[in-house]
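Input: a single structure, listed below in C-alpha cells.
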Amino acid sequence: MDPWRVLGLEATEDTRAVKRAYARLLKSTRPDEHPQQFQALHAAYKRALALAEQRARTAVAGDTEPETETGEQTKKESTAAETQAPPLKTPEWSAPVVPDDPLVAPVEPEPAFQDQPPPPARDPEPAWAVARELEDQEPEEDEWLAASREHERLLIQCQALLEREGQPVAEQEWRFLANSSWMLDSTFHHGLGDALMARLVERLRQQDNKPPLDAVTLGYLNSLFDWEGRRGLLAARFGDTTMDQVLAPLDANSSGDQALLQGLRGGKETVPPSRQTTAEPEPETLYFTGMTLRMAAIVIDLLVVAALLVMPIWVVSIMVADFNGTGGDISIEAFMGFFLVLAVPAYLLMALVMEAGPKQATPGKRMLGLRVTNLEFQRLSFLHNLWRVMAFVVVNALTSKVVILVNLFLKGNLLHDRVSRSHVINWARSQREENDGQ
Amino acid sequence: MAIIGIDLGTTNSACGVWTGQGVELISNRLGDVLTPSVVGVDASGEIMVGRTARQRLIHHSDRTVAAFKRLMGTDHKITLGDQRFSATELSSLVLRSLKEDAETYLGEPVTEAVISVPAYFNDNQRHATKQAAELAGLTVRRLINEPTAAAMAYGLHEKQEGLFLILDLGGGTFDVSLLEFFDGVMEVHASAGDNFLGGEDFVDAMIDDVLAEHELSRDALPASVMQNLYLQMEGAKRRLGNAQTLSLKLGDREVTHEVTPEWFARVVTPLLLRVKHPIERALRDANLHPDKVDDVVLVGGSTRLALFRSTVGKMFGRLPSCHLDPDTVVAVGATIQAGLLARGEGLDDVVLTDVCPYTLGTGVINEDNPRLGDYFLPIIERNSVVPISVERHLSTASNNQTKMKIRIYQGENRLVEKNVYLGELSVTVPKGPRGQESVIVRYSYDMNGLLEVDVKVESTGKTYYQLIEHTPGALSEDDKARSLQRLAALKFHPRDGEENRALLARGERLYESSLGDRREFIADLMGRFEQVLDRQNPLDIARVQKEFKEALDSLESEDWF
C-alpha cells in the first residue's frame with residue numbers, strides 16, 4: 001500500500017511534514033482503540049520516513065532526476081527503500097582489532113555504531129578524547145598511547161592464563177580485567193573484548209576445537225564483554241560455527257536461581273518451586289509389556305491385596321465365629337472362602353482406581369515400571385478404565401486356558417487390551433532404550 | 001472515580017492522582033511520599049508495610065522481607081514467621097497499603113490503577129503484577145513501562161521535542177528506552193534492559209568484596225549480621241564523596257574497612273559494564289548513532305551515583321540531565337497515564353506508542369544438530385510497535401503425528417531452552433504424512449505487554465485459544481480465590497498510631513545496636529513513651545512523640561536510609 005496515500009501527503013523529502021501528518025492521524029487512530037488501523041498507519045509512517053530520508057539524500061547528492069509522480073516511479077523508489085531500510089548487519093568492529101605488532105594501536109578510534117544508513121562522517125574524536133573534555137586531562141596523544149599500552153598489558157596477562165599448563169585457571173584469576181580503570185571506556189572495552197575473543201578462537205584451533213574456557217569463567221567474561229549480546233557481530237567475523245564452539249559452555253550452562261535469590265533481603269527462608277510436571281520427556285519409541293512381566297505384576301498385586309486383606313478377614317471371621325457361638329476356632333475353608341470372595345473384587349477395584357490414577361499403574365505394575373495408557377499413550381479416563389476392567393473379567397473368565405495360550409502369541413498386546421482399546425506400556429524399558437540410543 | 005497511578009518499586013513504592021492542575025503525589029500514613037516496599041509480620045501475626053517494617057529488617061530479618069519484586073513471576077515462596085507468601089502476595093500487601101492511603105486522601109473508594117513495571121519485565125512478571133493488583137482489590141487499567149512513564153513525566157514537564165534516551169536504574173532493575181516526542185506523539189523506538197541489575201547489586205558487590213577479603217562466605221554469617229553489613233554498605237554508598245572508615249562486625253571479628261571512591265569504582269566495574277550493554281543494544285536496534293540523541297535522562301534512585309553519571313557521560317560525550325526527582329518521576333508518569341486514560345482535564349492530547357521489548361516465539365525442531373536442542377522461531381520480533389498481532393504457519397514434523405505442542409517462549413537466544421518459558425498449548429491434528437498438516441499460530445501482544453496466543457488447525461478449522469496459562473508464578477482462578485481468602489484473613493496494624501509504632505520500631509533497632517549507657521538511655525526513653533501511649537491522651541501523645549523523635553534523631557545523627 002502506498003504510504004503517501006495512507007498519510008494523505010504528496011511524496012516529500014520533508015521528514016517533519018511526515019511526522020506532522022502521522023501525529024494528526026494518530027489522534028483519531030489510537031493504538032488502544034483501533035489496533036489494526038494503527039499498525040497500518042505506523043507501518044506507512046515508517047515507510048514514508050525512510051522514503052523521505054532517501055529522497056533528501058539523493059537530493060543532496062545532486063542526483064537531480066526529474067521527479068514525476070507516476071505510479072511506476074514511486075514503485076521503483078519503494079523497492080530501493082526496501083533494500084535500504086532493514087538494519088544492516090554489518091559488524092560494529094569489523095576492522096581487524098587483533099594487533100600483530102604491539103606498537104600498533106589495537107583500538108580504532110571509530111564510533112561504535114557504524115551501521116547507519118548514511119555512512120556517518122568519521123568521528124574524529126575517540127571516546128577517551130571526549131572523556132578528556134569532560135575531565136580536562138592530558139593531551140590526546142598520551143591518552144591514546146596509555147590506552148594501547150593498557151590493552152597490550154591486559155592481553156598479555158590473558159594469554160598467559162590461557163596458555164598455562166597443568167593447574168586449571170579459576171574464574172577469580174580473571175578478575176584483574178575489571179580492575180583496569182580503562183574498562184569503562186567504550187572503545188577500549190569493545191576492542192579488548194574482541195581481541196580476547198580472537199585469542200580464544202586461536203586457542204580453540206590449537207586444541208582441536210575444545211572450548212578454551214569453562215562455563216563459570218566464560219560466564220564471567222561474558223558479563224564483562226557481552227559476547228552473547230554481540231554474538232551476531234562476532235559471528236560475522238569469526239564464523240558461526242567457531243562462535244558456537246567457543247561459547248558452547250555458555251549454551252550448556254543453564255541460568256540458576258542463585259542470582260535471583262541473592263538480591264532478596266530478609267525472610268526466614270525461601271521455598272523453591274516444586275518441579276515435577278514437565279520433568280520427564282516422553283520416550284520416542286514405546287514397548288509393549290511381555291507376558292512374563294504381566295503375570296508377575298498380577299502376582300505382586302495379588303500378594304499386596306492378600307497382605308491388606310488377611311488381617312481384616314481374620315478379625316471379621318473371628319467376629320462372625322463369635323456371633324455364631326462357635327468360639328475362637330475358624331476353619332481354613334471359611335477363611336479361604338472369605339478371602340476369595342473379597343480378594344478378586346478388591347484387586348479389580350484397585351486396578352480400576354489406580355490404573356486411571358496419576359501413576360497409571362497398580363502397585364505391581366508400578367514396581368515393574370509399567371503404565372496403562374489409551375491408544376494415544378495418554379492416561380485412561382475412569383470410564384475407559386471401567387471398560388478395560390470389565391473386558392478383563394469377561395475375556396479371562398470365559399475361556400481362561402485358551403486366552404492364556406492365545407495371549408502368549410500376541411507380543412504383549414493382549415486380548416483384553418485389544419477389546420478395551422488400551423495398552424500396557426513397559427515404560428521403564430522404553431526409557432532405558434531411549435537413553436541408550438542417544 | 002479517580003484512577004490512581006502507582007510505581008511499585010523494588011525498594012520504594014509511591015502513588016499519585018491527577019487533579020486537573022497536575023499530578024498530586026499521595027503521602028502515606030506517616031506523611032512520606034515514598035513507601036518502602038518492605039513487608040513484615042510482628043509477633044502477634046499482624047502485617048506491617050513500609051517504614052515500620054523496614055526498621056525491623058535487621059533485628060527481625062526472619063519476619064521481614066524486602067526486594068521481593070525480584071521474585072515476581074517465579075514460584076518461589078518466602079516464609080515470614082510461620083506464614084508463607086509468594087512475591088505476588090507480598091506485592092499485593094504493598095499495593096493494598098498504597099490503596100488505603102489513596103482512599104484516605106481522596107475520601108472515596110479507589111478501584112482502578114495504572115501500575116508501572118520495568119520495561120524489560122517478562123510476560124510472567126507482568127501477569128504476576130496484574131494479579132497482585134487484583135488481590136489488593138485494584139483493577140489494572142494499564143501496565144505502563146517505567147522508563148516510558150518517566151519519559152511522560154519528563155516530556156510534559158519540559159515541553160521539549162526531540163529524541164531522548166531514558167536510563168532507569170532502580171533498586172533492582174535497569175531499563176533503557178529510546179523515545180521521541182513530537183506534536184503530541186510520544187513514540188518509544190526501542191527498549192532494552194536487565195532485570196537483575198540495580199542499586200541493590202552495587203551493595204551486594206561491595207559486601208562480596210569485603211567478605212572475600214576476609215575469606216568469609218555469606219552462608220557463614222548469621223542473617224542479622226548480614227543485614228547490618230548491608231545497611232552499613234548501603235549508607236557508605238550514599239556518602240561516597242569522601243573517604244570513610246567503617247568498622248564492621250563480621251561474626252566474632254571486628255574489622256575496619258576503608259571505603260574510598262577508588263575502591264568502589266574497582267568493585268562495581270563489572271556492573272557498570274553491564275549497564276552499557278542494554279544501552280548499546282537499544283541504540284543498535286533503533287539504528288541510531290549516539291550523536292542523534294538530544295538528551296539523556298536519568299531516572300531511579302541509583303542514578304545518583306556519581307560513577308554511573310560519569311560512565312554515561314563518557315558514552316555520550318555530554319552530561320546527562322536530571323531535572324526531576326529520580327525517586328518519584330515514575331510515579332508521576334504513571335499518574336499522568338492514569339489521567340490520560342480517564343481523559344482528565346488539563347492534559348493535552350498525548351498519544352503514546354510503545355514497543356515490545358523482547359522477541360516472542362516458539363520452539364521448532366532443530367534438524368541440523370538435534371543434540372543442541374530445538375531452535376527458537378521468533379514470531380514477534382523485539383522492538384515491534386504494539387499492539388501487534390502476527391501469524392506463522394507451522395507444520396507437522398513426523399509422519400502420522402496427531403498432536404502438536406506449541407511451546408511459547410520469550411528471549412533472544414537461538415536455542416529455545418535458553419529463553420524464558422511462558423507456557424504451552426496442545427492441539428490435535430489429523431493423521432497424515434509429515435509436513436502435510438499445518439497450523440496457524442497467532443501471537444497478539446497488547447498495550448499492557450501481555451501476550452495472547454491462539455492456534456488454528458488449517459485442515460479442520462478448529463481454533464484453540466488461550467491467554468497463556470501454567471506460567472511460573474501465576475495463579476489459577478482457584479489459587480486466586482484461595483489467596484484472596486487468606487489475605488483477607490490477615491490482620492493489619494491499624495492505621496492510627498502507625499507513626500508511634502514506626503518510632504518504637506526505630507527505638508528498638510537503636511536499642512539493639514547500641515551498648516552500655518546509650519542502651520539504657522534508649523530503653524528509658526522508650527519506656528516513658530510507652531507509658532504515655534497507654535494513657536491514650538492525644539495531646540500528651542503528640543507532645544511526647546515529638547520529644548521522642550527528636551531524641552532518636554540526635555542519637556542517630558546520620559539516618560541510615
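If you're wondering about the labels, chains in the C-alpha cells are A, B, ... by order shown, residues count from 1 in each chain, ligands from 1 in order shown.
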### Query
Do you know which residues are at most 8 Å from Ser444 of chain B counting only C-alpha atoms, after dropping those on the same chain fewer than 4 positions away, and could you put them as an NGL selection string?
:B and (387-390 or 451-453)
### Task
Enumerate, as a ChimeraX atom specification, the complete set of residues in segment 76-148 of chain B that a backbone-based DSSP assignment places in strand (DSSP E).
/B:77-80,83-86,112-117,139-145
### Of the listed residues B:Leu347, B:Val114, B:Val416, B:Ile522, that which approaches chain A most closely, counting only C-alpha atoms
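With only C-alpha atoms as the atom set, the closest residue is B:Val416.
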### Query
By how many Å are atom CA of Ile144 of chain B and atom CA of Asn383 of chain B apart?
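Taking atom CA of Ile144 of chain B as the start and atom CA of Asn383 of chain B as the end point, the length is 15.5 Å.
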### Task
With a distance cut-off of 6 Å and only C-alpha atoms, select the neighbouring residues of segment 123-136 of chain B, excluding the residue or stretch itself and same-chain residues fewer than 5 positions from it, and output the selection as number ranges by chain.
B: 72-73, 88, 91-92, 96, 474, 484
### Summary
From atom CA of Asp175 of chain B to atom CA of Ser321 of chain B the spacing works out at 16.3 Å
### Query
Which is closest to Asn448 of chain B among B:Leu34, B:Cys356, B:Leu250, B:Ile336, if we use only C-alpha atoms?
B:Cys356
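Going from atom CA of Gln83 of chain B to atom CA of Arg63 of chain B covers 9.2 Å.
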Exercise: Ala170 of chain A partners within 10 Å, only C-alpha atoms, chain neighbours under 6 positions left out, as a CSV table (one decimal) with C-alpha atoms, in the first residue's frame:
chain,number,residue,atom,x,y,z
A,161,LEU,CA,46.3,-17.6,31.7
A,213,LEU,CA,37.2,-21.8,28.9
A,214,ASP,CA,34.8,-23.5,31.3
A,216,VAL,CA,31.9,-20.2,35.0
A,217,THR,CA,34.9,-18.3,33.6
Skip segment 228-242 of chain B itself and residues of its chain fewer than 2 positions away, then list as a PDB file with C-alpha atoms, in the first residue's frame all residues within 9 Å of it, counting only C-alpha atoms.
ATOM      1  CA  LEU B  57      14.811  -5.587  58.818  1.00  0.00           C
ATOM      2  CA  ILE B  58      17.946  -6.052  60.913  1.00  0.00           C
ATOM      3  CA  HIS B  59      16.670  -7.458  64.125  1.00  0.00           C
ATOM      4  CA  GLY B 199      21.296  -0.367  43.324  1.00  0.00           C
ATOM      5  CA  GLU B 200      20.968  -3.499  45.432  1.00  0.00           C
ATOM      6  CA  PHE B 202      26.057  -2.450  43.835  1.00  0.00           C
ATOM      7  CA  VAL B 203      25.731  -3.006  47.567  1.00  0.00           C
ATOM      8  CA  ASP B 204      25.989  -6.755  47.055  1.00  0.00           C
ATOM      9  CA  MET B 206      30.640  -4.202  47.959  1.00  0.00           C
ATOM     10  CA  ILE B 207      29.677  -6.836  50.514  1.00  0.00           C
ATOM     11  CA  ALA B 223      21.196 -13.182  58.920  1.00  0.00           C
ATOM     12  CA  SER B 224      21.205 -10.224  61.281  1.00  0.00           C
ATOM     13  CA  VAL B 225      24.953  -9.657  60.775  1.00  0.00           C
ATOM     14  CA  MET B 226      24.391  -9.700  57.034  1.00  0.00           C
ATOM     15  CA  GLN B 244      35.083   6.812  55.116  1.00  0.00           C
ATOM     16  CA  LEU B 246      33.667   1.720  58.562  1.00  0.00           C
ATOM     17  CA  LEU B 248      32.270  -3.816  60.559  1.00  0.00           C
ATOM     18  CA  LYS B 249      31.254  -6.705  62.715  1.00  0.00           C
ATOM     19  CA  LEU B 250      31.754  -9.966  60.862  1.00  0.00           C
ATOM     20  CA  VAL B 259      35.563   2.956  51.684  1.00  0.00           C
ATOM     21  CA  THR B 260      37.092   5.148  49.002  1.00  0.00           C
ATOM     22  CA  PRO B 261      35.704   6.146  45.609  1.00  0.00           C
ATOM     23  CA  PHE B 264      34.068   1.442  44.938  1.00  0.00           C
ATOM     24  CA  ARG B 304      22.529   9.483  41.876  1.00  0.00           C
ATOM     25  CA  LEU B 305      25.794   7.554  41.838  1.00  0.00           C
ATOM     26  CA  ALA B 306      28.479   9.868  40.506  1.00  0.00           C
ATOM     27  CA  ASP B 559      19.977   8.375  59.227  1.00  0.00           C
ATOM     28  CA  TRP B 560      20.900   5.094  57.632  1.00  0.00           C
ATOM     29  CA  PHE B 561      18.356   5.123  54.909  1.00  0.00           C
TER      30      PHE B 561
END
### Query
Which polymer residues have any atom within 12 Å of an atom of Ile156 of chain A, counting only C-alpha atoms, with same-chain residues fewer than 6 positions away left out, as a ChimeraX atom specification?
/A:99,102,149-150,162-163,177,192,195-196,199
### Message
Please determine, counting only C-alpha atoms, which residue among B:Ala481, B:Ala67, B:Leu525, B:Val299 has the shortest atom-to-atom distance to chain A.
### Response
B:Ala67
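For the choices A:Gly369, A:Ile332, A:Glu13, A:Met243, the atom-to-atom distance to Arg57 of chain A is smallest for A:Glu13 when using only C-alpha atoms.
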### Proximity to Glu262 of chain B - best of A:Arg371, A:Ser181, A:Arg230, A:Thr289, only C-alpha atoms
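Nearest candidate to Glu262 of chain B out of A:Arg371, A:Ser181, A:Arg230, A:Thr289: A:Ser181.
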Neighbouring residues of Met1 of chain B were defined as those with any atom within 10 Å, considering only C-alpha atoms; residues of the same chain fewer than 2 positions away were excluded. Please report them as a CSV table (one decimal) with C-alpha atoms, in the first residue's frame.
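Contents of result.csv, freshly written:
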chain,number,residue,atom,x,y,z
B,3,ILE,CA,-7.7,6.2,38.6
B,4,ILE,CA,-4.5,6.3,40.6
B,106,LEU,CA,-9.4,11.2,48.2
B,108,GLU,CA,-13.7,7.8,48.2
B,109,PRO,CA,-13.0,4.2,47.3
B,110,VAL,CA,-10.3,3.6,44.7
B,111,THR,CA,-10.7,0.5,42.5
B,112,GLU,CA,-8.7,1.3,39.3
B,342,ALA,CA,-9.6,9.0,32.4
Per-residue nearest contacts of segment 383-411 of chain A to segment 420-429 of chain A (9 Å; only C-alpha atoms) as a tab-separated table:
residue	atom	partner	partner_atom	distance
A:His384	CA	A:Ser420	CA	7.8
A:Asn385	CA	A:Ser420	CA	8.2
A:Trp387	CA	A:Ser420	CA	6.2
A:Arg388	CA	A:Ser420	CA	4.9
A:Val389	CA	A:Ser420	CA	8.4
A:Met390	CA	A:Ser420	CA	8.6
A:Ala391	CA	A:Ser420	CA	6.1
A:Phe392	CA	A:Ser420	CA	8.4
File of the preceding selection, N, CA and C atoms, as a PDB file, in the first residue's frame:
ATOM      1  N   HIS A 384     -13.250 -45.182  30.801  1.00  0.00           N
ATOM      2  CA  HIS A 384     -12.496 -46.043  29.887  1.00  0.00           C
ATOM      3  C   HIS A 384     -11.889 -47.205  30.665  1.00  0.00           C
ATOM      4  N   ASN A 385     -11.394 -46.927  31.843  1.00  0.00           N
ATOM      5  CA  ASN A 385     -10.763 -47.976  32.629  1.00  0.00           C
ATOM      6  C   ASN A 385     -11.794 -48.970  33.144  1.00  0.00           C
ATOM      7  N   TRP A 387     -14.355 -49.891  31.494  1.00  0.00           N
ATOM      8  CA  TRP A 387     -14.492 -50.721  30.309  1.00  0.00           C
ATOM      9  C   TRP A 387     -13.361 -51.763  30.273  1.00  0.00           C
ATOM     10  N   ARG A 388     -12.157 -51.298  30.517  1.00  0.00           N
ATOM     11  CA  ARG A 388     -10.992 -52.169  30.492  1.00  0.00           C
ATOM     12  C   ARG A 388     -11.123 -53.275  31.536  1.00  0.00           C
ATOM     13  N   VAL A 389     -11.521 -52.924  32.737  1.00  0.00           N
ATOM     14  CA  VAL A 389     -11.638 -53.916  33.807  1.00  0.00           C
ATOM     15  C   VAL A 389     -12.727 -54.929  33.470  1.00  0.00           C
ATOM     16  N   MET A 390     -13.834 -54.449  32.924  1.00  0.00           N
ATOM     17  CA  MET A 390     -14.915 -55.357  32.521  1.00  0.00           C
ATOM     18  C   MET A 390     -14.406 -56.319  31.449  1.00  0.00           C
ATOM     19  N   ALA A 391     -13.677 -55.786  30.482  1.00  0.00           N
ATOM     20  CA  ALA A 391     -13.138 -56.605  29.404  1.00  0.00           C
ATOM     21  C   ALA A 391     -12.234 -57.684  29.989  1.00  0.00           C
ATOM     22  N   PHE A 392     -11.412 -57.280  30.965  1.00  0.00           N
ATOM     23  CA  PHE A 392     -10.501 -58.207  31.612  1.00  0.00           C
ATOM     24  C   PHE A 392     -11.292 -59.362  32.230  1.00  0.00           C
TER      25      PHE A 392
END
